[in-house]
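Colleague: Following this line is run.txt, made up of compact mmCIF, C-alpha atoms and all ligand atoms:
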```txt
# COMPACT_ATOMS: atom_id res chain seq x y z
CA MET A 21 43.33 1.25 6.65
CA THR A 22 40.65 1.16 3.95
CA LEU A 23 37.94 3.77 4.11
CA LEU A 24 34.48 3.22 2.64
CA ALA A 25 35.11 5.55 -0.33
CA HIS A 26 38.22 3.58 -1.34
CA TRP A 27 36.36 0.28 -0.99
CA LEU A 28 33.47 1.55 -3.11
CA ASP A 29 35.94 2.67 -5.81
CA ARG A 30 37.35 -0.84 -5.90
CA GLN A 31 34.02 -2.65 -5.75
CA THR A 32 32.15 -0.88 -8.53
CA GLY A 33 32.80 1.28 -11.55
CA ASP A 34 29.26 2.61 -11.19
CA ARG A 35 29.82 5.98 -9.50
CA GLU A 36 26.10 6.51 -9.03
CA LEU A 37 25.67 3.16 -7.24
CA ALA A 38 28.68 3.98 -5.07
CA SER A 39 27.05 7.31 -4.20
CA VAL A 40 23.84 5.55 -3.09
CA ILE A 41 25.74 3.49 -0.53
CA ALA A 42 27.73 6.53 0.58
CA THR A 43 24.44 8.40 1.07
CA MET A 44 23.04 5.67 3.34
CA ALA A 45 26.35 5.53 5.24
CA ASP A 46 26.27 9.31 5.74
CA ALA A 47 22.67 9.15 7.00
CA ALA A 48 23.70 6.42 9.45
CA VAL A 49 26.47 8.60 10.88
CA GLU A 50 23.83 11.22 11.69
CA ILE A 51 21.41 8.63 13.10
CA ALA A 52 24.18 7.18 15.28
CA GLU A 53 24.77 10.61 16.82
CA VAL A 54 21.04 11.15 17.44
CA LEU A 55 20.77 7.74 19.14
CA ARG A 56 23.81 8.45 21.29
CA ARG A 57 22.25 11.67 22.62
CA ALA A 58 18.62 10.47 22.73
CA PRO A 59 18.38 9.44 26.42
CA ILE A 60 19.78 12.82 27.44
CA GLU A 61 17.42 14.67 25.12
CA GLY A 62 14.47 12.51 26.12
CA GLN A 63 13.79 11.17 22.63
CA VAL A 64 13.33 7.46 23.34
CA GLY A 65 9.63 7.66 23.97
CA LEU A 66 6.55 6.84 21.93
CA LEU A 67 5.00 9.39 19.57
CA GLY A 68 1.46 8.16 20.05
CA THR A 69 1.25 7.46 16.29
CA THR A 70 1.39 4.17 14.36
CA ASN A 71 3.11 3.29 11.08
CA VAL A 72 1.56 1.46 8.16
CA GLN A 73 2.27 -1.76 9.98
CA GLY A 74 0.05 -0.59 12.82
CA GLU A 75 3.12 -0.48 15.07
CA ALA A 76 3.61 2.27 17.63
CA GLN A 77 6.10 4.80 16.26
CA LYS A 78 8.88 6.09 18.45
CA ALA A 79 10.19 9.60 18.03
CA LEU A 80 13.45 8.11 16.84
CA ASP A 81 11.70 6.03 14.15
CA VAL A 82 10.38 9.20 12.59
CA ILE A 83 13.57 11.19 13.21
CA SER A 84 15.66 8.43 11.59
CA ASN A 85 13.31 8.26 8.63
CA ASP A 86 13.54 12.04 8.19
CA ILE A 87 17.35 11.87 8.28
CA VAL A 88 17.42 9.15 5.61
CA LEU A 89 14.93 11.07 3.45
CA ARG A 90 16.93 14.30 3.70
CA HIS A 91 20.14 12.58 2.63
CA ILE A 92 18.38 10.72 -0.19
CA GLU A 93 16.74 13.91 -1.48
CA ASN A 94 20.24 15.30 -1.97
CA ASN A 95 21.38 12.39 -4.15
CA PRO A 96 20.09 12.68 -7.76
CA ALA A 97 21.03 9.03 -8.32
CA ILE A 98 18.05 7.96 -6.16
CA SER A 99 14.56 8.51 -7.60
CA VAL A 100 12.38 6.40 -5.26
CA LEU A 101 12.37 5.72 -1.53
CA VAL A 102 10.34 2.96 0.11
CA SER A 103 10.39 3.14 3.90
CA GLU A 104 8.82 1.13 6.68
CA GLU A 105 7.79 4.47 8.21
CA LEU A 106 5.97 5.77 5.11
CA ASP A 107 2.68 4.34 3.83
CA GLU A 108 3.50 5.28 0.21
CA PRO A 109 6.75 5.32 -1.78
CA VAL A 110 8.41 8.73 -2.14
CA GLN A 111 8.92 9.68 -5.80
CA LEU A 112 11.80 12.17 -5.72
CA GLY A 113 11.02 13.67 -9.11
CA ASN A 114 14.42 13.06 -10.65
CA GLN A 115 15.73 10.57 -13.20
CA GLY A 116 17.83 8.72 -10.65
CA ALA A 117 18.64 5.15 -11.63
CA PHE A 118 18.15 3.69 -8.16
CA LEU A 119 15.39 2.82 -5.69
CA VAL A 120 16.19 2.48 -1.98
CA ALA A 121 14.00 0.42 0.35
CA THR A 122 14.78 0.92 4.02
CA ASP A 123 13.85 0.22 7.59
CA PRO A 124 15.40 3.39 9.00
CA LEU A 125 15.43 2.16 12.60
CA ASP A 126 14.88 -1.55 13.04
CA GLY A 127 14.33 -2.87 16.54
CA SER A 128 13.38 0.49 17.97
CA SER A 129 11.46 -1.19 20.81
CA ASN A 130 14.94 -1.82 22.23
CA LEU A 131 15.90 1.85 22.35
CA ASP A 132 14.65 2.59 25.85
CA VAL A 133 16.71 -0.33 27.19
CA ASN A 134 19.86 0.64 25.25
CA VAL A 135 20.05 -2.52 23.15
CA THR A 136 21.51 -2.59 19.63
CA VAL A 137 19.22 -1.32 16.87
CA GLY A 138 19.90 -0.77 13.18
CA THR A 139 19.21 0.73 9.79
CA ILE A 140 18.60 -1.75 6.96
CA PHE A 141 18.68 -0.83 3.26
CA SER A 142 18.18 -2.51 -0.09
CA VAL A 143 19.20 -0.96 -3.44
CA LEU A 144 17.41 -1.79 -6.70
CA LYS A 145 17.33 -0.36 -10.20
CA ALA A 146 14.37 2.05 -10.27
CA ALA A 147 13.54 0.96 -13.84
CA GLY A 148 12.49 -2.43 -12.43
CA GLY A 149 9.63 -0.84 -10.53
CA LEU A 150 8.61 -1.07 -6.89
CA LEU A 151 8.02 -4.83 -6.70
CA GLN A 152 11.19 -6.70 -7.61
CA LYS A 153 12.44 -10.02 -6.29
CA GLY A 154 15.39 -10.02 -3.89
CA THR A 155 17.60 -11.47 -6.60
CA ALA A 156 17.27 -8.12 -8.42
CA GLN A 157 19.09 -6.24 -5.67
CA VAL A 158 22.26 -4.47 -6.82
CA ALA A 159 23.42 -3.69 -3.29
CA ALA A 160 22.26 -4.06 0.31
CA GLY A 161 23.50 -3.25 3.74
CA TYR A 162 22.74 -2.48 7.33
CA VAL A 163 24.18 -0.42 10.14
CA ALA A 164 24.23 -1.89 13.64
CA TYR A 165 24.24 0.82 16.34
CA GLY A 166 25.85 -1.22 19.11
CA PRO A 167 28.96 -1.05 21.30
CA ALA A 168 30.60 -0.12 18.00
CA THR A 169 28.70 1.24 15.02
CA SER A 170 29.13 -1.26 12.17
CA LEU A 171 28.24 -0.87 8.50
CA VAL A 172 27.83 -4.16 6.63
CA VAL A 173 27.55 -3.79 2.86
CA ARG A 174 27.65 -5.90 -0.30
CA ILE A 175 27.53 -4.84 -3.92
CA GLU A 176 28.18 -7.93 -6.05
CA GLY A 177 31.22 -9.42 -4.36
CA PRO A 178 32.26 -9.70 -0.73
CA VAL A 179 30.22 -8.72 2.30
CA ALA A 180 32.43 -6.10 3.91
CA VAL A 181 32.29 -4.67 7.43
CA PHE A 182 33.19 -1.09 8.36
CA THR A 183 33.36 0.48 11.80
CA LEU A 184 32.58 4.13 12.50
CA SER A 185 35.64 5.90 13.87
CA ALA A 186 35.67 8.71 16.42
CA ALA A 187 36.45 11.00 13.48
CA GLY A 188 33.20 9.96 11.81
CA GLU A 189 34.86 7.84 9.10
CA TRP A 190 33.87 4.30 8.04
CA VAL A 191 37.03 2.23 8.47
CA GLN A 192 37.06 -1.30 7.02
CA THR A 193 37.44 -3.84 9.82
CA LEU A 194 36.57 -7.03 7.94
CA GLU A 195 37.38 -7.85 4.31
CA GLN A 196 34.79 -10.57 3.85
CA ALA A 197 32.21 -11.80 6.32
CA SER A 198 31.69 -15.56 6.09
CA VAL A 199 28.83 -17.46 7.74
CA PRO A 200 30.13 -20.80 9.11
CA GLU A 201 28.29 -23.71 7.46
CA ALA A 202 27.63 -25.38 10.78
CA SER A 203 26.50 -23.80 14.03
CA GLY A 204 25.15 -24.65 17.44
CA GLU A 205 23.15 -21.46 17.96
CA PHE A 206 19.57 -20.61 16.97
CA ALA A 207 17.61 -17.39 17.36
CA ILE A 208 13.84 -17.53 17.76
CA ASN A 209 11.28 -15.94 20.06
CA THR A 210 10.38 -19.07 22.06
CA ALA A 211 7.51 -17.24 23.77
CA ARG A 212 5.61 -17.84 20.49
CA GLU A 213 5.88 -21.61 20.72
CA ARG A 214 2.11 -22.09 21.05
CA PHE A 215 1.70 -20.48 17.57
CA TRP A 216 4.42 -22.48 15.81
CA ASP A 217 3.89 -24.94 12.95
CA GLU A 218 5.17 -28.52 13.18
CA ALA A 219 8.34 -27.74 11.20
CA THR A 220 9.42 -25.04 13.64
CA ARG A 221 8.49 -27.18 16.63
CA GLY A 222 10.44 -30.09 15.16
CA TYR A 223 13.56 -28.06 14.43
CA VAL A 224 13.62 -26.45 17.89
CA ARG A 225 12.82 -29.76 19.62
CA GLU A 226 15.73 -31.45 17.82
CA SER A 227 18.05 -28.58 18.68
CA VAL A 228 17.26 -28.41 22.39
CA ALA A 229 17.61 -32.23 22.57
CA GLY A 230 21.32 -31.51 22.29
CA GLU A 231 24.06 -34.11 22.04
CA SER A 232 21.74 -37.10 22.60
CA GLY A 233 19.16 -35.83 20.12
CA PRO A 234 18.93 -36.17 16.31
CA ALA A 235 21.17 -33.11 15.79
CA GLY A 236 23.90 -34.82 17.85
CA LYS A 237 25.27 -31.60 19.27
CA ARG A 238 24.59 -29.02 21.96
CA TYR A 239 22.77 -25.81 21.00
CA ASN A 240 22.59 -22.39 22.56
CA MET A 241 19.78 -19.89 22.01
CA ARG A 242 19.97 -16.14 21.50
CA TRP A 243 17.12 -13.71 20.79
CA VAL A 244 17.86 -9.95 20.93
CA GLY A 245 14.53 -8.84 19.50
CA SER A 246 16.43 -6.67 17.05
CA MET A 247 16.90 -8.30 13.66
CA VAL A 248 20.06 -6.32 12.87
CA ALA A 249 21.69 -7.49 16.13
CA ASP A 250 20.72 -11.14 15.61
CA VAL A 251 21.71 -11.17 11.94
CA HIS A 252 25.02 -9.45 12.67
CA ARG A 253 25.87 -12.12 15.23
CA ILE A 254 25.03 -14.82 12.67
CA LEU A 255 27.11 -13.09 9.99
CA MET A 256 30.06 -12.95 12.39
CA ARG A 257 29.90 -16.39 14.07
CA GLY A 258 27.12 -18.40 12.44
CA GLY A 259 23.72 -19.55 13.67
CA VAL A 260 20.20 -19.45 12.35
CA PHE A 261 17.53 -16.75 12.73
CA LEU A 262 13.91 -17.83 12.61
CA TYR A 263 10.80 -15.71 12.40
CA PRO A 264 8.64 -18.39 10.79
CA LEU A 265 5.03 -18.15 9.73
CA ASP A 266 2.90 -19.05 12.73
CA SER A 267 -0.82 -19.27 13.49
CA GLU A 268 -0.88 -15.67 14.74
CA THR A 269 1.08 -14.07 11.88
CA ALA A 270 -0.29 -16.29 9.07
CA SER A 271 -3.08 -13.85 8.18
CA LYS A 272 -0.47 -11.14 7.51
CA GLY A 273 1.97 -13.42 5.69
CA GLY A 274 4.51 -13.28 8.50
CA ARG A 275 6.06 -10.72 10.84
CA LEU A 276 9.06 -9.23 9.03
CA ARG A 277 8.90 -7.16 5.84
CA LEU A 278 10.17 -8.49 2.53
CA LEU A 279 11.50 -5.42 0.73
CA TYR A 280 13.49 -3.75 3.50
CA GLU A 281 14.19 -6.49 6.05
CA ALA A 282 14.09 -10.02 4.62
CA ASN A 283 15.51 -9.32 1.15
CA PRO A 284 18.54 -7.22 2.15
CA MET A 285 19.37 -9.53 5.07
CA ALA A 286 18.98 -12.66 2.93
CA TRP A 287 21.13 -11.12 0.21
CA LEU A 288 23.89 -10.30 2.70
CA VAL A 289 23.75 -13.69 4.46
CA GLU A 290 23.78 -15.59 1.14
CA GLY A 291 26.58 -13.35 -0.10
CA ALA A 292 28.55 -14.48 2.96
CA GLY A 293 27.95 -18.17 2.24
CA GLY A 294 24.77 -18.63 4.27
CA ALA A 295 21.27 -19.62 3.17
CA SER A 296 17.72 -18.30 3.52
CA THR A 297 14.19 -19.61 3.15
CA THR A 298 10.59 -18.72 3.91
CA GLY A 299 10.08 -22.41 4.67
CA GLN A 300 8.52 -22.82 1.23
CA GLN A 301 11.08 -21.10 -1.03
CA GLY A 302 14.25 -19.06 -0.99
CA ILE A 303 13.54 -15.56 0.34
CA LEU A 304 15.19 -13.90 -2.66
CA ALA A 305 12.83 -15.74 -5.02
CA VAL A 306 9.63 -14.36 -3.45
CA GLU A 307 7.60 -12.34 -5.96
CA PRO A 308 6.57 -9.17 -4.07
CA THR A 309 2.92 -8.10 -4.27
CA ASP A 310 3.07 -5.07 -1.95
CA ILE A 311 5.83 -2.74 -0.79
CA HIS A 312 5.07 -3.52 2.87
CA GLN A 313 4.53 -7.25 2.33
CA ARG A 314 5.51 -9.54 5.20
CA VAL A 315 7.21 -12.93 4.84
CA PRO A 316 8.47 -15.72 7.07
CA VAL A 317 12.24 -15.45 7.57
CA ILE A 318 14.69 -18.27 8.25
CA LEU A 319 18.33 -17.46 7.45
CA GLY A 320 21.89 -18.24 8.54
CA SER A 321 24.27 -21.21 8.51
CA VAL A 322 23.60 -23.53 5.58
CA GLU A 323 23.39 -26.73 7.67
CA GLU A 324 20.81 -25.22 10.01
CA VAL A 325 18.69 -23.70 7.24
CA ARG A 326 18.73 -27.02 5.42
CA ARG A 327 17.55 -28.81 8.58
CA VAL A 328 14.62 -26.38 8.82
CA GLU A 329 13.86 -26.89 5.11
CA ASN A 330 13.86 -30.67 5.68
CA TRP A 331 11.20 -30.24 8.36
CA TYR A 332 9.09 -28.16 5.99
CA SER A 333 9.53 -30.72 3.20
CA ARG A 334 7.92 -33.36 5.41
CA GLY A 335 4.69 -31.45 4.82
P1 LIG B 401 9.35 -9.99 18.58
C1 LIG B 401 11.77 -5.49 15.73
O1 LIG B 401 10.50 -4.95 16.05
C2 LIG B 401 11.57 -6.57 14.70
O2 LIG B 401 10.95 -6.04 13.56
C3 LIG B 401 12.89 -7.23 14.36
O3 LIG B 401 13.96 -6.35 14.43
C4 LIG B 401 13.01 -8.33 15.41
O4 LIG B 401 13.77 -9.44 14.98
C5 LIG B 401 11.55 -8.73 15.64
O5 LIG B 401 10.75 -7.60 15.27
C6 LIG B 401 11.28 -9.06 17.08
O6 LIG B 401 9.96 -9.56 17.14
O7 LIG B 401 8.03 -10.65 18.21
O8 LIG B 401 10.32 -10.95 19.22
O9 LIG B 401 9.21 -8.71 19.37
```
If you convert what's in this file into structure tokens, what do you get?
Ligand code: P6P
Modeller:
Amino acid sequence: MTLLAHWLDRQTGDRELASVIATMADAAVEIAEVLRRAPIEGQVGLLGTTNVQGEAQKALDVISNDIVLRHIENNPAISVLVSEELDEPVQLGNQGAFLVATDPLDGSSNLDVNVTVGTIFSVLKAAGGLLQKGTAQVAAGYVAYGPATSLVVRIEGPVAVFTLSAAGEWVQTLEQASVPEASGEFAINTARERFWDEATRGYVRESVAGESGPAGKRYNMRWVGSMVADVHRILMRGGVFLYPLDSETASKGGRLRLLYEANPMAWLVEGAGGASTTGQQGILAVEPTDIHQRVPVILGSVEEVRRVENWYSRG
């Protein structure tokens, strides 16, 4: 039974990098406990405030962000925090080698209906500055607070999965996640069809045409409305997640954020043999211009991502 600390020792000789991941894992243990108690303590409601994205903040968004910040402040290896919940980066005033970008509680609109939510984090060298491409990541991970609490993490090598035990330990439950090349499952919010571009319409049309259509196979559709839940499913059994640019999100560059949603998720999915694209380029190649920048996100099984890319290449 491999615990997270043993895995980190094996995966990297960089003790400071190992400590960054351990810090995020420790924060997630605390967040998991807060989420478990929240309905009893009446903390699933709205705060009446909005974050930099203009999205209504839930008490648990802010509580989760505070938990992450408190843990990070106690790790001298981390000198900068970028968070979805904070307009500006937090400079921690130390010489820490690492920057952490995080969505402390992704999918929080699902909290009041008890659906899986998550914490997503990306780790970069602080010396590279705030705006680094996804290829510069030195580690990334997420925690899915679901029926089990799962930590998915990658440094340079395998994408490993840990499950939180009753004793509060991260026990490795999967050596290497691997995204199947082919899949018959896509994840998209079909209620947005009227906003879609022709590439998205074409891909979905081909998929729902099933066995007699151009894809020549039957498809199923899943959409949790929580990126961590949808991406975890894809990491475990394949599929493709699409939040493409559409006529309503075009003015903002997309819906999901580059630094702390798209980049870490793309890095994990590609590390597990999957693929990612904005429709125009690989997600990890996007040159960031703002810490809260949004991008279109298509990621998952290689065959499905390539089919979407083919639609975009038709222009
Ligand atoms: P929609 C949650 O708010 C989130 O940022 C992602 O976790 C999720 O994939 C997406 O938005 C859901 O968006 O438009 O379906 O509500």
Colleague: Counting only C-alpha atoms and all ligand atoms, what are the residues, protein, DNA or RNA alike, that approach ligand LIG 401 (chain B) to within 9 Å? I want them as a PyMOL selection string.
Modeller: chain A and resi 75+125-130+137-138+208-212+243-251+261-263+275-277+281
Colleague: Wanna dump the range 110-222 of chain A-range 26-48 of chain A contacts at 10 Å for me, each residue with its shortest atom pair and the distance in Å to one decimal, counting only C-alpha atoms, ordered by chain and number, as CSV?
Modeller:
```
residue,atom,partner,partner_atom,distance
A:Gly116,CA,A:Glu36,CA,8.7
A:Ala117,CA,A:Glu36,CA,8.0
A:Phe118,CA,A:Leu37,CA,7.6
A:Leu119,CA,A:Val40,CA,9.3
A:Val120,CA,A:Val40,CA,8.3
A:Thr122,CA,A:Met44,CA,9.6
A:Pro124,CA,A:Ala48,CA,8.8
A:Leu125,CA,A:Ala48,CA,9.8
A:Gly138,CA,A:Ala48,CA,8.9
A:Thr139,CA,A:Ala48,CA,7.3
A:Ile140,CA,A:Met44,CA,9.4
A:Phe141,CA,A:Met44,CA,7.8
A:Ser142,CA,A:Ile41,CA,9.7
A:Val143,CA,A:Val40,CA,8.0
A:Leu144,CA,A:Leu37,CA,9.6
A:Lys145,CA,A:Leu37,CA,9.5
A:Val158,CA,A:Leu37,CA,8.4
A:Ala159,CA,A:Ile41,CA,8.0
A:Ala160,CA,A:Ile41,CA,8.4
A:Gly161,CA,A:Ile41,CA,8.3
A:Tyr162,CA,A:Ala45,CA,9.0
A:Val163,CA,A:Ala48,CA,6.9
A:Ala164,CA,A:Ala48,CA,9.3
A:Tyr165,CA,A:Ala48,CA,8.9
A:Thr169,CA,A:Ala48,CA,9.1
A:Ser170,CA,A:Ala48,CA,9.8
A:Leu171,CA,A:Ala45,CA,7.4
A:Val172,CA,A:Ala45,CA,9.9
A:Val173,CA,A:Ile41,CA,8.2
A:Arg174,CA,A:Gln31,CA,9.0
A:Ile175,CA,A:Gln31,CA,7.1
A:Glu176,CA,A:Gln31,CA,7.9
A:Gly177,CA,A:Gln31,CA,7.5
A:Pro178,CA,A:Gln31,CA,8.8
A:Ala180,CA,A:Trp27,CA,9.0
A:Phe182,CA,A:Trp27,CA,10.0
A:Leu184,CA,A:Ala48,CA,9.7
A:Gly188,CA,A:Asp46,CA,9.2
A:Glu189,CA,A:Asp46,CA,9.3
A:Trp190,CA,A:Ala45,CA,8.1
A:Val191,CA,A:Trp27,CA,9.7
A:Gln192,CA,A:Trp27,CA,8.2
A:Glu195,CA,A:Trp27,CA,9.8
```
Colleague: For Leu89 in chain A, which residue out of A:Met21, A:Ala168, A:Ala76, A:Ala121 is the nearest one, using all atoms listed in the file?
Modeller: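 Smallest separation from Leu89 in chain A among the options: A:Ala121.
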Colleague: When you look at Phe206 in chain A with a cut-off of 6 Å (counting only C-alpha atoms), what residues show up, excluding the ones that are within fewer than 2 positions of it in the same chain? I need them as a list in words.
Modeller: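 With the cut-off at 6 Å, the set is Met241, Gly259 and Val260 of chain A.
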Colleague: Rounded to one decimal place, report the CA of Gly113 in chain A-CA of Gln152 in chain A distance in Å.
Modeller: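 The value is 20.4 Å.
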Colleague: Neighbours of Val328 in chain A within 9 Å (only C-alpha atoms; same-chain residues fewer than 6 positions away dropped), as a PyMOL selection string?
Modeller: chain A and resi 219-220+222-223+297+299+318
Colleague: From the list A:Val289, A:Leu279, A:Leu23, A:Val322, which residue is nearest Gln157 in chain A when using all atoms listed in the file?
Modeller: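 Closest to Gln157 in chain A, using all atoms listed in the file: A:Leu279.
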Colleague: Report, in Å to a single decimal, how far apart CA of Ala270 in chain A and CA of Glu307 in chain A are.
Modeller: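 Computed distance, CA of Glu307 in chain A to CA of Ala270 in chain A, equals 17.4 Å.
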Colleague: So for range 161-168 of chain A, what box centre and size do we get, axis-aligned, 8 Å extra on each of the six sides, every listed atom, Å to one decimal, as lines of an AutoDock Vina configuration file?
Modeller:
```
center_x = 26.7
center_y = -1.2
center_z = 12.5
size_x = 23.9
size_y = 20.1
size_z = 33.6
```
Colleague: Nearest to Gly320 in chain A among A:Arg242, A:Tyr280, A:Ser267, A:Ala207, with distances taken over only C-alpha atoms: which residue is it?
Modeller: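 Smallest distance to Gly320 in chain A is found for A:Ala207.
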Colleague: Mind giving me the straight-line distance from CA of Pro200 in chain A to CA of Trp287 in chain A in Å, one decimal?
Modeller: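 Between CA of Pro200 in chain A and CA of Trp287 in chain A the gap is 15.9 Å.
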Colleague: I'd like the neighbourhood of His312 in chain A as a ChimeraX atom specification, where a residue qualifies if any of its atoms comes within 9 Å (using all atoms listed in the file), though same-chain residues fewer than 2 positions away should be ignored.
Modeller: /A:72-73,102-104,107,277-280,309-310,314
